[in-house]
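J.: Please find one structure pasted underneath; my questions will follow.
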Amino acid sequence: MAPILDIKNLYKSYGATEILKDINVAIEPGDFLVLVGPSGCGKSTLLNCIAGLEPITGGAVHINGKNMTDVSPKDRDIAMVFQSYALYPTMSVAKNITFGMKVRGVDAATQAAKLAEVAAQLQIEPLLNRRPGQLSGGQRQRVAMGRALVRDPALFLFDEPLSNLDAKLRVEMRTEIKKLHHNLGASMVYVTHDQIEAMTLATKIVVMKGGVIQQIGTPAEIYNTPANLFVADFMGSPAMNLIPASVRRDGAFHRIEIQRDSAEPLVLADQRPLNLPDNVIMGLRPEDIAEAGFRAGAEVQEANCLIDMVEPAGADTYVVSQLGGKQVTARLHAETSARAGQAMNLAFDLAKVSYFAPETGERLN
Amino acid sequence: MTDATIQTARSPRKTSSRTGRIVLRTLLYVFLIAFALFYLMPLFVMLTTSLKSLDEIRTGSLIALPRDITFEAWKTAWSGACSGIRCEGLRPYLLNSLMIAIPGVALSTLFGAMNGYVFAQWKFRGANLLFSLLLFGCFIPFQVVLLPMARVLGILNMAGTIPGLIFVHTVYGLGFTTLFFRNYYVTIPMELVRAAKIDGAGFFRIFWSIFLPLSLPIIVVTVIWQFTQIWNDFLFGVSFSQAGTQPVTVALNNIVNSTTGVKEYNVDMAAAILAALPTLLVYVVAGKYFIRGLTAGSVKG
């Protein structure tokens with residue numbers, strides 16, 4: 001199938017400042033693409049470039065097989081949901097939703113039919129005669145989505161649509177957007193700085209930093225095999241443990257040595273066929289360090305570690321230990337016997353380890 | 001914890017601070033009433049004088065209430081007072097002023113709204129410079145522009161006409177009206193324009209359908225401001241009008257200054273009140289929106 005959105009070698013600069021550098025992304029129909037990154041990484045600018053709200057300095061944007069690089073936003077066959085919802089304050093909900101059709105000269109009967117259809121889909125029928133000012137945050141969010149849905153576009157664009165909602169509502173609306181995507185089978189591009197939103201919603205994630213794409217992949221790829229230290233650190237909560245280690249070759253093995261202040265170096269043996277340099281940064285997610293005996297697998301190795309801190313979080317208990325000069329977090333089961341100040345055996349699942357070059361931050365395995 | 005400490009620390013002084021508050025409040029009211037009376041004094045003198053006969057004015061005291069109330073002076077001021085050789089009262093000149101002020105206010109408000117909309121939401125290269133230059137127009141002493149403006153009006157064939165005065169007031173009102181609308185519109189998120197663009201609306205459509213309906217508070221402010229400015233203007237009125245097109249301020253001056261013989265203070269007072277009435281009315285009707293509109297933009301910005 002032809003890609004629904006194809007961005008080729010896109011550059012964007014304001015004067016001498018380059019905001020986006022050589023962006024190449026393509027998505028298939030039905031994909032849910034999430035652009036994620038810290039604030040100022042250019043993700044919103046990229047979305048605006050896709051929408052045509054910002055002119056681009058170089059490259060091309062194709063939507064639904066057509067070159068839309070120089071086409072005005074209204075003719076790009078897109079709909080957009082904004083962070084502030086951007087509902088027209090003096091118009092009723094119904095008028096907000098039909099404004100676009102009115103501008104395009106759609107006849108009144110079709111407008112009414114489409115309005116009814118979308119209102120039913122989003123369950124906002126009782127709100128149709130209200131003004132945006134009389135709605136709660138969640139209701140405004142729905143109306144903003146209604147305005148996008150009624151357009152029935154080739155591509156939906158979302159600019160951090162949940163960041164103005166409180167935590168509980170955000171989770172609800174997240175589920176709802178996911179459901180909507182599933183039911184419509186529509187193609188969506190979604191900007192967020194929240195990596196959990198990115199993981200839960202996306203079929204494809206683009207991680208950005210400083211206007212440069214760091215990695216493109218499925219949520220699982222991004223999570224399990226981050227391309228560099230930035231992605232490893234940014235995605236996942238609590239963050240991936242990034243532990244400086246030295247490597248000694250021992251036949252087919254790599255012996256990974258981690259310095260400790262309080263005890264002998266921690267030595268783990270990685271038996272996978274790798275080719276590692278002398279110094280690496282070892283990345284291991286908290287859930288891949290477990291209490292000894294609670295994790296099975298060929299690559300699981302146990303070691304005795306001093307526990308500095310215990311943080312019960314309800315479903316899990318996080319324990320912190322000092323390894324390689326870093327606070328290393330392990331995610332244990334809730335009923336663990338770990339006590340702060342005592343040593344315990346932890347199981348490290350080496351099958352899940354990512355290695356990074358300390359100098360470049362690039363992935364090594 | 002901290003709350004409780006503050007509470008207990010405060011309680012012994014509670015009674016004394018309460019009487020202190022009452023004293024302060026009373027003082028405040030006494031001062032406010034005194035100032036209000038002070039400022040109302042001239043109006044009181046004007047009103048009572050306008051209701052007296054000339055004899056009574058000559059014999060009585062300035063601040064005494066009228067013995068016999070007569071509306072003769074008002075009638076004369078309305079339709080019989082002489083300015084120069086014409087004795088038609090203020091009526092035709094009030095009409096002139098209305099014919100200048102209403103289109104002048106409407107045009108300068110409309111253009112100000114459009115300018116403000118462009119400066120706030122459609123940033124272009126050099127927008128800030130242009131806006132500063134426009135603001136400069138707010139602070140130009142109008143005496144400076146009299147001669148060039150007279151020349152321009154002559155070239156446009158509008159010298160001495162009411163459209164000419166409308167033109168002058170529209171041009172010199174733009175600085176302030178643009179400032180008002182621009183400051184109001186910058187508080188409206190950019191995303192609104194973006195959403196409308198994606199919906200397919202163009203420049204004017206967005207202005208008419210989205211921005212103008214939002215602007216009631218600032219429109220009220222601008223209308224009051226402009227109406228007061230244009231209505232009270234004397235300098236442009238006296239410079240750019242001729243017999244028959246003078247606004248009421250100029251006519252009032254002529255009535256007061258060109259009488260010979262006995263000064264008809266009662267007619268002068270009545271005429272002055274008549275000339276001031278429309279602006280007073282505008283303030284009374286729309287005053288509360290004025291304050292509301294002025295602060296609406298500033299607090300959020």
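If you're wondering about the labels, chains in the structure tokens are A, B, ... by order shown, residues count from 1 in each chain, ligands from 1 in order shown.
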Just need the residues of chain A within 12 Å of chain B, counting only C-alpha atoms, so spit them out as number ranges by chain.
T.: A: 15, 48, 50-54, 71-92, 95-105, 144-145, 147-151, 153, 156-159
J.: Let's have the selection written as a short mmCIF file (atom, residue, chain, number, x, y, z; two decimals), in the first residue's frame, with C-alpha atoms.
T.:
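The resulting file, result_18.cif, is reproduced below:
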```cif
data_model
loop_
_atom_site.label_atom_id
_atom_site.label_comp_id
_atom_site.auth_asym_id
_atom_site.auth_seq_id
_atom_site.Cartn_x
_atom_site.Cartn_y
_atom_site.Cartn_z
CA GLY A 15 16.46 32.45 9.93
CA ASN A 48 2.68 22.12 11.91
CA ILE A 50 2.67 18.42 8.04
CA ALA A 51 -0.46 20.55 8.51
CA GLY A 52 0.93 23.29 6.31
CA LEU A 53 0.72 25.86 9.08
CA GLU A 54 4.47 26.40 8.88
CA VAL A 71 -0.67 23.29 -0.65
CA SER A 72 -2.56 25.39 1.89
CA PRO A 73 -3.76 23.66 5.09
CA LYS A 74 -7.41 23.55 4.09
CA ASP A 75 -6.67 21.55 0.96
CA ARG A 76 -4.40 18.95 2.55
CA ASP A 77 -7.22 16.63 3.53
CA ILE A 78 -6.26 16.77 7.20
CA ALA A 79 -7.92 17.61 10.49
CA MET A 80 -6.14 18.79 13.58
CA VAL A 81 -6.81 18.74 17.32
CA PHE A 82 -4.93 21.41 19.24
CA GLN A 83 -3.46 21.47 22.72
CA SER A 84 -5.73 24.34 23.81
CA TYR A 85 -8.58 22.75 21.78
CA ALA A 86 -8.91 26.10 19.94
CA LEU A 87 -12.70 25.97 19.99
CA TYR A 88 -14.35 29.11 18.63
CA PRO A 89 -15.49 30.74 21.88
CA THR A 90 -18.53 32.60 20.59
CA MET A 91 -20.00 29.65 18.68
CA SER A 92 -22.09 26.84 20.08
CA LYS A 95 -21.54 25.57 15.12
CA ASN A 96 -17.97 24.74 16.12
CA ILE A 97 -18.29 21.33 14.57
CA THR A 98 -20.03 22.51 11.40
CA PHE A 99 -17.95 25.67 10.85
CA GLY A 100 -15.55 23.96 8.48
CA MET A 101 -18.40 22.52 6.39
CA LYS A 102 -20.11 25.91 6.33
CA VAL A 103 -16.94 27.55 5.06
CA ARG A 104 -16.59 24.91 2.38
CA GLY A 105 -20.19 25.43 1.32
CA ALA A 144 -12.36 19.34 19.45
CA MET A 145 -12.23 15.72 18.31
CA ARG A 147 -14.57 18.99 14.79
CA ALA A 148 -11.79 16.82 13.41
CA LEU A 149 -13.94 13.72 12.91
CA VAL A 150 -16.66 15.51 10.97
CA ARG A 151 -14.13 16.32 8.31
CA PRO A 153 -9.86 13.42 6.57
CA PHE A 156 -5.65 13.20 11.72
CA LEU A 157 -3.14 15.41 13.51
CA PHE A 158 -3.06 15.75 17.29
CA ASP A 159 -0.91 18.34 19.03
#
```
J.: Show me, as a PDB file with N, CA and C atoms, in the first residue's frame, the residues that have an atom within 10 Å of Gly40 of chain A when counting only C-alpha atoms, minus same-chain residues fewer than 3 positions from it.
T.:
```pdb
ATOM      1  N   ILE A  19      15.591  24.155  12.877  1.00  0.00           N
ATOM      2  CA  ILE A  19      14.690  23.542  13.844  1.00  0.00           C
ATOM      3  C   ILE A  19      14.544  22.051  13.553  1.00  0.00           C
ATOM      4  N   GLY A  37       9.315  13.501  22.318  1.00  0.00           N
ATOM      5  CA  GLY A  37      10.618  14.072  22.613  1.00  0.00           C
ATOM      6  C   GLY A  37      10.454  15.143  23.661  1.00  0.00           C
ATOM      7  N   LYS A  43       9.074  18.619  17.678  1.00  0.00           N
ATOM      8  CA  LYS A  43       7.990  17.714  17.295  1.00  0.00           C
ATOM      9  C   LYS A  43       6.725  18.462  16.893  1.00  0.00           C
ATOM     10  N   SER A  44       6.404  19.556  17.638  1.00  0.00           N
ATOM     11  CA  SER A  44       5.220  20.331  17.280  1.00  0.00           C
ATOM     12  C   SER A  44       5.430  21.075  15.965  1.00  0.00           C
ATOM     13  N   THR A  45       6.643  21.552  15.762  1.00  0.00           N
ATOM     14  CA  THR A  45       6.951  22.219  14.497  1.00  0.00           C
ATOM     15  C   THR A  45       6.771  21.245  13.340  1.00  0.00           C
ATOM     16  N   HIS A 193       4.849  14.833  24.734  1.00  0.00           N
ATOM     17  CA  HIS A 193       6.142  14.724  25.407  1.00  0.00           C
ATOM     18  C   HIS A 193       6.082  13.615  26.450  1.00  0.00           C
ATOM     19  N   MET A 208      12.425  12.150  18.956  1.00  0.00           N
ATOM     20  CA  MET A 208      13.177  13.279  18.420  1.00  0.00           C
ATOM     21  C   MET A 208      13.945  13.991  19.518  1.00  0.00           C
ATOM     22  N   LYS A 209      15.052  14.605  19.104  1.00  0.00           N
ATOM     23  CA  LYS A 209      15.813  15.453  20.022  1.00  0.00           C
ATOM     24  C   LYS A 209      16.552  16.476  19.183  1.00  0.00           C
ATOM     25  N   GLY A 210      16.423  17.730  19.552  1.00  0.00           N
ATOM     26  CA  GLY A 210      17.145  18.794  18.851  1.00  0.00           C
ATOM     27  C   GLY A 210      16.868  18.842  17.354  1.00  0.00           C
ATOM     28  N   GLY A 211      15.655  18.509  16.964  1.00  0.00           N
ATOM     29  CA  GLY A 211      15.302  18.597  15.556  1.00  0.00           C
ATOM     30  C   GLY A 211      15.796  17.433  14.715  1.00  0.00           C
TER      31      GLY A 211
END
```
J.: List the spatial neighbours of Val250 of chain B as a PyMOL selection string - criterion: any atom at most 12 Å away, only C-alpha atoms, same-chain residues fewer than 4 positions off excluded.
T.: chain B and resi 83-84+90+92-94+96-97+231-246+254-258+271-272+275
J.: Using N, CA and C atoms, can you write the selected residues to a file as a tab-separated table (two decimals), in the first residue's frame?
T.:
```tsv
chain	number	residue	atom	x	y	z
B	83	SER	N	-24.20	82.87	17.26
B	83	SER	CA	-22.76	82.80	17.15
B	83	SER	C	-22.45	83.60	15.90
B	84	GLY	N	-21.80	84.73	16.11
B	84	GLY	CA	-21.57	85.61	15.00
B	84	GLY	C	-22.91	86.19	14.54
B	90	LEU	N	-27.62	75.93	19.32
B	90	LEU	CA	-26.65	74.85	19.16
B	90	LEU	C	-27.14	73.72	18.25
B	92	PRO	N	-28.10	73.00	15.09
B	92	PRO	CA	-27.45	72.52	13.86
B	92	PRO	C	-26.03	72.01	14.11
B	93	TYR	N	-25.37	72.59	15.11
B	93	TYR	CA	-23.98	72.20	15.36
B	93	TYR	C	-23.91	70.86	16.10
B	94	LEU	N	-24.90	70.64	16.95
B	94	LEU	CA	-24.98	69.31	17.58
B	94	LEU	C	-25.14	68.24	16.50
B	96	ASN	N	-24.14	68.52	13.40
B	96	ASN	CA	-22.84	68.40	12.74
B	96	ASN	C	-21.93	67.45	13.52
B	97	SER	N	-21.88	67.68	14.84
B	97	SER	CA	-21.00	66.86	15.67
B	97	SER	C	-21.38	65.39	15.57
B	231	TRP	N	-15.90	63.93	19.87
B	231	TRP	CA	-16.92	64.88	20.30
B	231	TRP	C	-16.28	66.09	20.97
B	232	ASN	N	-15.30	65.87	21.80
B	232	ASN	CA	-14.70	66.96	22.56
B	232	ASN	C	-13.65	67.73	21.77
B	233	ASP	N	-13.31	67.24	20.58
B	233	ASP	CA	-12.25	67.90	19.83
B	233	ASP	C	-12.64	69.34	19.48
B	234	PHE	N	-11.68	70.23	19.70
B	234	PHE	CA	-11.90	71.63	19.31
B	234	PHE	C	-10.93	72.04	18.21
B	235	LEU	N	-9.67	71.58	18.38
B	235	LEU	CA	-8.60	72.03	17.48
B	235	LEU	C	-8.88	71.69	16.01
B	236	PHE	N	-9.13	70.42	15.73
B	236	PHE	CA	-9.41	70.04	14.34
B	236	PHE	C	-10.71	70.70	13.88
B	237	GLY	N	-11.69	70.74	14.78
B	237	GLY	CA	-12.99	71.31	14.43
B	237	GLY	C	-12.85	72.75	14.01
B	238	VAL	N	-12.06	73.52	14.76
B	238	VAL	CA	-11.96	74.93	14.45
B	238	VAL	C	-11.05	75.16	13.24
B	239	SER	N	-10.10	74.25	13.01
B	239	SER	CA	-9.16	74.46	11.91
B	239	SER	C	-9.72	74.02	10.57
B	240	PHE	N	-10.46	72.93	10.56
B	240	PHE	CA	-10.82	72.32	9.28
B	240	PHE	C	-12.31	72.44	8.96
B	241	SER	N	-13.00	73.41	9.59
B	241	SER	CA	-14.42	73.56	9.26
B	241	SER	C	-14.66	74.96	8.71
B	242	GLN	N	-15.82	75.16	8.17
B	242	GLN	CA	-16.20	76.51	7.77
B	242	GLN	C	-17.64	76.72	8.22
B	243	ALA	N	-18.16	77.90	7.98
B	243	ALA	CA	-19.52	78.20	8.42
B	243	ALA	C	-20.46	77.11	7.94
B	244	GLY	N	-21.22	76.54	8.86
B	244	GLY	CA	-22.18	75.51	8.48
B	244	GLY	C	-21.70	74.10	8.76
B	245	THR	N	-20.37	73.90	8.87
B	245	THR	CA	-19.90	72.53	9.15
B	245	THR	C	-19.21	72.45	10.50
B	246	GLN	N	-19.33	73.51	11.30
B	246	GLN	CA	-18.62	73.49	12.58
B	246	GLN	C	-19.23	72.51	13.56
B	254	ASN	N	-18.04	80.01	20.02
B	254	ASN	CA	-18.52	81.22	19.34
B	254	ASN	C	-19.65	81.87	20.11
B	255	ILE	N	-20.56	81.05	20.61
B	255	ILE	CA	-21.70	81.60	21.35
B	255	ILE	C	-21.20	82.34	22.60
B	256	VAL	N	-20.28	81.71	23.31
B	256	VAL	CA	-19.81	82.30	24.56
B	256	VAL	C	-18.97	83.54	24.30
B	257	ASN	N	-18.12	83.49	23.25
B	257	ASN	CA	-17.14	84.56	23.07
B	257	ASN	C	-17.61	85.69	22.16
B	258	SER	N	-18.63	85.46	21.35
B	258	SER	CA	-18.95	86.50	20.37
B	258	SER	C	-20.19	87.32	20.74
B	271	ALA	N	-25.85	75.96	27.22
B	271	ALA	CA	-25.21	75.50	25.98
B	271	ALA	C	-24.06	74.54	26.31
B	272	ALA	N	-23.29	74.88	27.34
B	272	ALA	CA	-22.15	74.03	27.71
B	272	ALA	C	-22.65	72.65	28.14
B	275	ALA	N	-23.74	70.66	25.16
B	275	ALA	CA	-22.61	70.17	24.37
B	275	ALA	C	-21.94	68.98	25.04
```
J.: Atom CA of Thr177 of chain B and atom CA of Phe119 of chain B are how many Å apart?
T.: 12.3 Å
J.: Find the spatial neighbours of Asn164 of chain A, counting only C-alpha atoms, within a cut-off of 12 Å - ignore same-chain residues fewer than 2 positions away - and output them as a list of chain:residue names.
T.: A:Phe82, A:Gln83, A:Ser84, A:Tyr85, A:Ser136, A:Gly137, A:Gly138, A:Arg140, A:Gln141, A:Asp159, A:Glu160, A:Pro161, A:Leu162, A:Asp166, A:Ala167, A:Lys168, A:Leu169, A:Arg170, A:Met173, A:Thr192
J.: Keeping only N, CA and C atoms, take the residues you just selected and write them out as a short mmCIF file (atom, residue, chain, number, x, y, z; two decimals), in the first residue's frame.
T.:
```
data_model
loop_
_atom_site.label_atom_id
_atom_site.label_comp_id
_atom_site.auth_asym_id
_atom_site.auth_seq_id
_atom_site.Cartn_x
_atom_site.Cartn_y
_atom_site.Cartn_z
N PHE A 82 -5.99 20.59 18.65
CA PHE A 82 -4.93 21.41 19.24
C PHE A 82 -4.84 21.20 20.74
N GLN A 83 -3.69 21.59 21.29
CA GLN A 83 -3.46 21.47 22.72
C GLN A 83 -4.48 22.27 23.53
N SER A 84 -4.76 23.51 23.09
CA SER A 84 -5.73 24.34 23.81
C SER A 84 -7.14 24.12 23.26
N TYR A 85 -7.32 23.10 22.44
CA TYR A 85 -8.58 22.75 21.78
C TYR A 85 -8.95 23.75 20.70
N SER A 136 -16.63 21.36 30.45
CA SER A 136 -15.45 20.96 31.21
C SER A 136 -14.33 20.61 30.23
N GLY A 137 -13.14 20.44 30.79
CA GLY A 137 -11.99 20.14 29.94
C GLY A 137 -12.19 18.91 29.07
N GLY A 138 -12.72 17.85 29.67
CA GLY A 138 -12.93 16.62 28.93
C GLY A 138 -13.96 16.79 27.81
N ARG A 140 -14.65 19.63 26.27
CA ARG A 140 -14.04 20.44 25.22
C ARG A 140 -13.18 19.57 24.31
N GLN A 141 -12.47 18.66 24.96
CA GLN A 141 -11.63 17.72 24.24
C GLN A 141 -12.45 16.92 23.23
N ASP A 159 -2.03 17.62 18.41
CA ASP A 159 -0.91 18.34 19.03
C ASP A 159 -1.08 18.33 20.54
N GLU A 160 -0.43 17.42 21.22
CA GLU A 160 -0.51 17.27 22.67
C GLU A 160 -1.94 17.48 23.19
N PRO A 161 -2.89 16.71 22.70
CA PRO A 161 -4.29 17.02 23.03
C PRO A 161 -4.66 16.74 24.48
N LEU A 162 -3.86 15.98 25.19
CA LEU A 162 -4.26 15.59 26.55
C LEU A 162 -3.53 16.35 27.64
N ASP A 166 -6.50 16.76 33.68
CA ASP A 166 -5.90 16.21 34.90
C ASP A 166 -5.60 14.72 34.68
N ALA A 167 -4.79 14.18 35.59
CA ALA A 167 -4.19 12.87 35.36
C ALA A 167 -5.22 11.78 35.07
N LYS A 168 -6.32 11.78 35.81
CA LYS A 168 -7.30 10.71 35.67
C LYS A 168 -7.99 10.79 34.31
N LEU A 169 -8.40 12.02 33.98
CA LEU A 169 -9.10 12.24 32.72
C LEU A 169 -8.19 11.93 31.54
N ARG A 170 -6.91 12.21 31.73
CA ARG A 170 -5.95 11.98 30.66
C ARG A 170 -5.91 10.50 30.30
N MET A 173 -9.17 9.63 28.45
CA MET A 173 -9.22 10.12 27.07
C MET A 173 -8.22 9.37 26.20
N THR A 192 3.40 14.28 21.47
CA THR A 192 3.33 14.30 22.93
C THR A 192 4.73 14.35 23.50
#
```
J.: Would you mind writing down, as a short mmCIF file (atom, residue, chain, number, x, y, z; two decimals) with N, CA and C atoms, in the first residue's frame, each residue of segment 34-132 of chain A that DSSP on the backbone assigns to strand (DSSP E)?
T.:
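Okay, this is what ended up in part_30.cif:
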```
data_model
loop_
_atom_site.label_atom_id
_atom_site.label_comp_id
_atom_site.auth_asym_id
_atom_site.auth_seq_id
_atom_site.Cartn_x
_atom_site.Cartn_y
_atom_site.Cartn_z
N VAL A 34 3.36 8.38 16.62
CA VAL A 34 3.53 9.32 17.73
C VAL A 34 4.91 9.97 17.62
N LEU A 35 4.91 11.31 17.63
CA LEU A 35 6.16 12.06 17.68
C LEU A 35 6.40 12.40 19.13
N VAL A 36 7.52 11.92 19.67
CA VAL A 36 7.77 12.14 21.08
C VAL A 36 9.18 12.68 21.29
N GLY A 58 13.03 22.93 3.26
CA GLY A 58 13.51 22.00 2.24
C GLY A 58 12.79 20.67 2.35
N GLY A 59 12.80 19.89 1.30
CA GLY A 59 12.19 18.57 1.33
C GLY A 59 10.75 18.61 0.85
N ALA A 60 10.00 17.53 1.12
CA ALA A 60 8.64 17.44 0.60
C ALA A 60 7.75 16.69 1.58
N VAL A 61 6.47 17.04 1.56
CA VAL A 61 5.47 16.33 2.35
C VAL A 61 4.42 15.78 1.39
N HIS A 62 4.27 14.46 1.38
CA HIS A 62 3.24 13.83 0.56
C HIS A 62 2.15 13.29 1.48
N ILE A 63 0.90 13.62 1.17
CA ILE A 63 -0.21 13.06 1.93
C ILE A 63 -1.12 12.33 0.96
N LYS A 66 -0.23 12.44 -2.71
CA LYS A 66 -0.11 13.71 -3.43
C LYS A 66 0.94 14.60 -2.77
N ASN A 67 1.68 15.30 -3.57
CA ASN A 67 2.67 16.24 -3.02
C ASN A 67 1.94 17.47 -2.48
N ILE A 78 -6.68 17.09 5.84
CA ILE A 78 -6.26 16.77 7.20
C ILE A 78 -7.24 17.39 8.18
N ALA A 79 -7.21 16.93 9.41
CA ALA A 79 -7.92 17.61 10.49
C ALA A 79 -6.98 17.61 11.68
N MET A 80 -7.12 18.64 12.51
CA MET A 80 -6.14 18.79 13.58
C MET A 80 -6.84 19.07 14.90
N VAL A 81 -6.33 18.46 15.96
CA VAL A 81 -6.81 18.74 17.32
C VAL A 81 -5.67 19.42 18.06
#
```
J.: Set the distance at 10 Å and use only C-alpha atoms: which residues neighbour Val105 of chain B once local chain neighbours fewer than 6 positions away are removed? I'd like the list as a CSV table (one decimal) with N, CA and C atoms, in the first residue's frame.
T.:
```csv
chain,number,residue,atom,x,y,z
B,166,ILE,N,-14.3,63.9,9.3
B,166,ILE,CA,-14.4,62.4,9.6
B,166,ILE,C,-13.1,61.8,9.2
B,169,HIS,N,-10.3,62.7,11.8
B,169,HIS,CA,-10.5,61.9,13.1
B,169,HIS,C,-10.3,60.5,13.0
B,170,THR,N,-10.6,59.9,11.8
B,170,THR,CA,-10.4,58.5,11.6
B,170,THR,C,-8.9,58.2,11.6
B,173,GLY,N,-7.3,58.7,15.0
B,173,GLY,CA,-7.8,57.8,16.0
B,173,GLY,C,-7.2,56.4,15.9
B,177,THR,N,-6.9,53.2,18.6
B,177,THR,CA,-7.8,52.0,18.4
B,177,THR,C,-7.0,50.8,18.0
B,222,THR,N,-13.2,51.1,23.0
B,222,THR,CA,-12.8,51.9,21.8
B,222,THR,C,-13.9,53.0,21.5
B,223,VAL,N,-15.1,52.5,21.5
B,223,VAL,CA,-16.2,53.5,21.1
B,223,VAL,C,-16.2,54.6,22.1
B,224,ILE,N,-16.2,54.3,23.4
B,224,ILE,CA,-16.2,55.4,24.4
B,224,ILE,C,-15.1,56.3,24.2
B,225,TRP,N,-13.9,55.7,24.0
B,225,TRP,CA,-12.7,56.5,23.9
B,225,TRP,C,-12.8,57.4,22.6
B,226,GLN,N,-13.1,56.8,21.5
B,226,GLN,CA,-13.1,57.6,20.3
B,226,GLN,C,-14.2,58.6,20.3
B,227,PHE,N,-15.4,58.2,20.8
B,227,PHE,CA,-16.5,59.2,20.8
B,227,PHE,C,-16.2,60.4,21.7
B,228,THR,N,-15.5,60.2,22.8
B,228,THR,CA,-15.2,61.3,23.7
B,228,THR,C,-14.1,62.2,23.0
B,229,GLN,N,-13.1,61.5,22.4
B,229,GLN,CA,-12.1,62.3,21.7
B,229,GLN,C,-12.7,63.1,20.6
B,230,ILE,N,-13.5,62.5,19.7
B,230,ILE,CA,-14.0,63.2,18.5
B,230,ILE,C,-15.0,64.3,19.0
B,231,TRP,N,-15.9,63.9,19.9
B,231,TRP,CA,-16.9,64.9,20.3
B,231,TRP,C,-16.3,66.1,21.0
```
J.: Run DSSP on the backbone and tell me which residues of segment 95-241 of chain A come out as alpha helix (DSSP H); list them as a ChimeraX atom specification.
T.: /A:95-104,108-122,137-149,167-184,195-201,219-224,229-234
J.: Neighbouring residues of Ala330 of chain A were defined as those with any atom within 8 Å, considering only C-alpha atoms; residues of the same chain fewer than 5 positions away were excluded. Please report them as a ChimeraX atom specification.
T.: /A:285-290,318-320
J.: Find the spatial neighbours of Asn224 of chain A, counting only C-alpha atoms, within a cut-off of 10 Å - ignore same-chain residues fewer than 2 positions away - and output them as a PyMOL selection string.
T.: chain A and resi 218-222+226-227+232+235-236+284-285+352-354
J.: Restricting the calculation to only C-alpha atoms, which member of B:Leu174, B:Ile206, B:Val145, B:Ile33 is positioned closest to Gln121 of chain B?
T.: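 For Gln121 of chain B, the nearest of the given residues is B:Ile206.
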J.: Mind pulling up the distance from atom CA of Val168 of chain B to atom CA of Pro148 of chain B?
T.: 11.4 Å
J.: Would you work out the distance separating atom CA of Ile256 of chain A from atom CA of Leu346 of chain A, expressed in Å to one decimal?
T.: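 We find that atom CA of Ile256 of chain A and atom CA of Leu346 of chain A lie 15.8 Å from each other.
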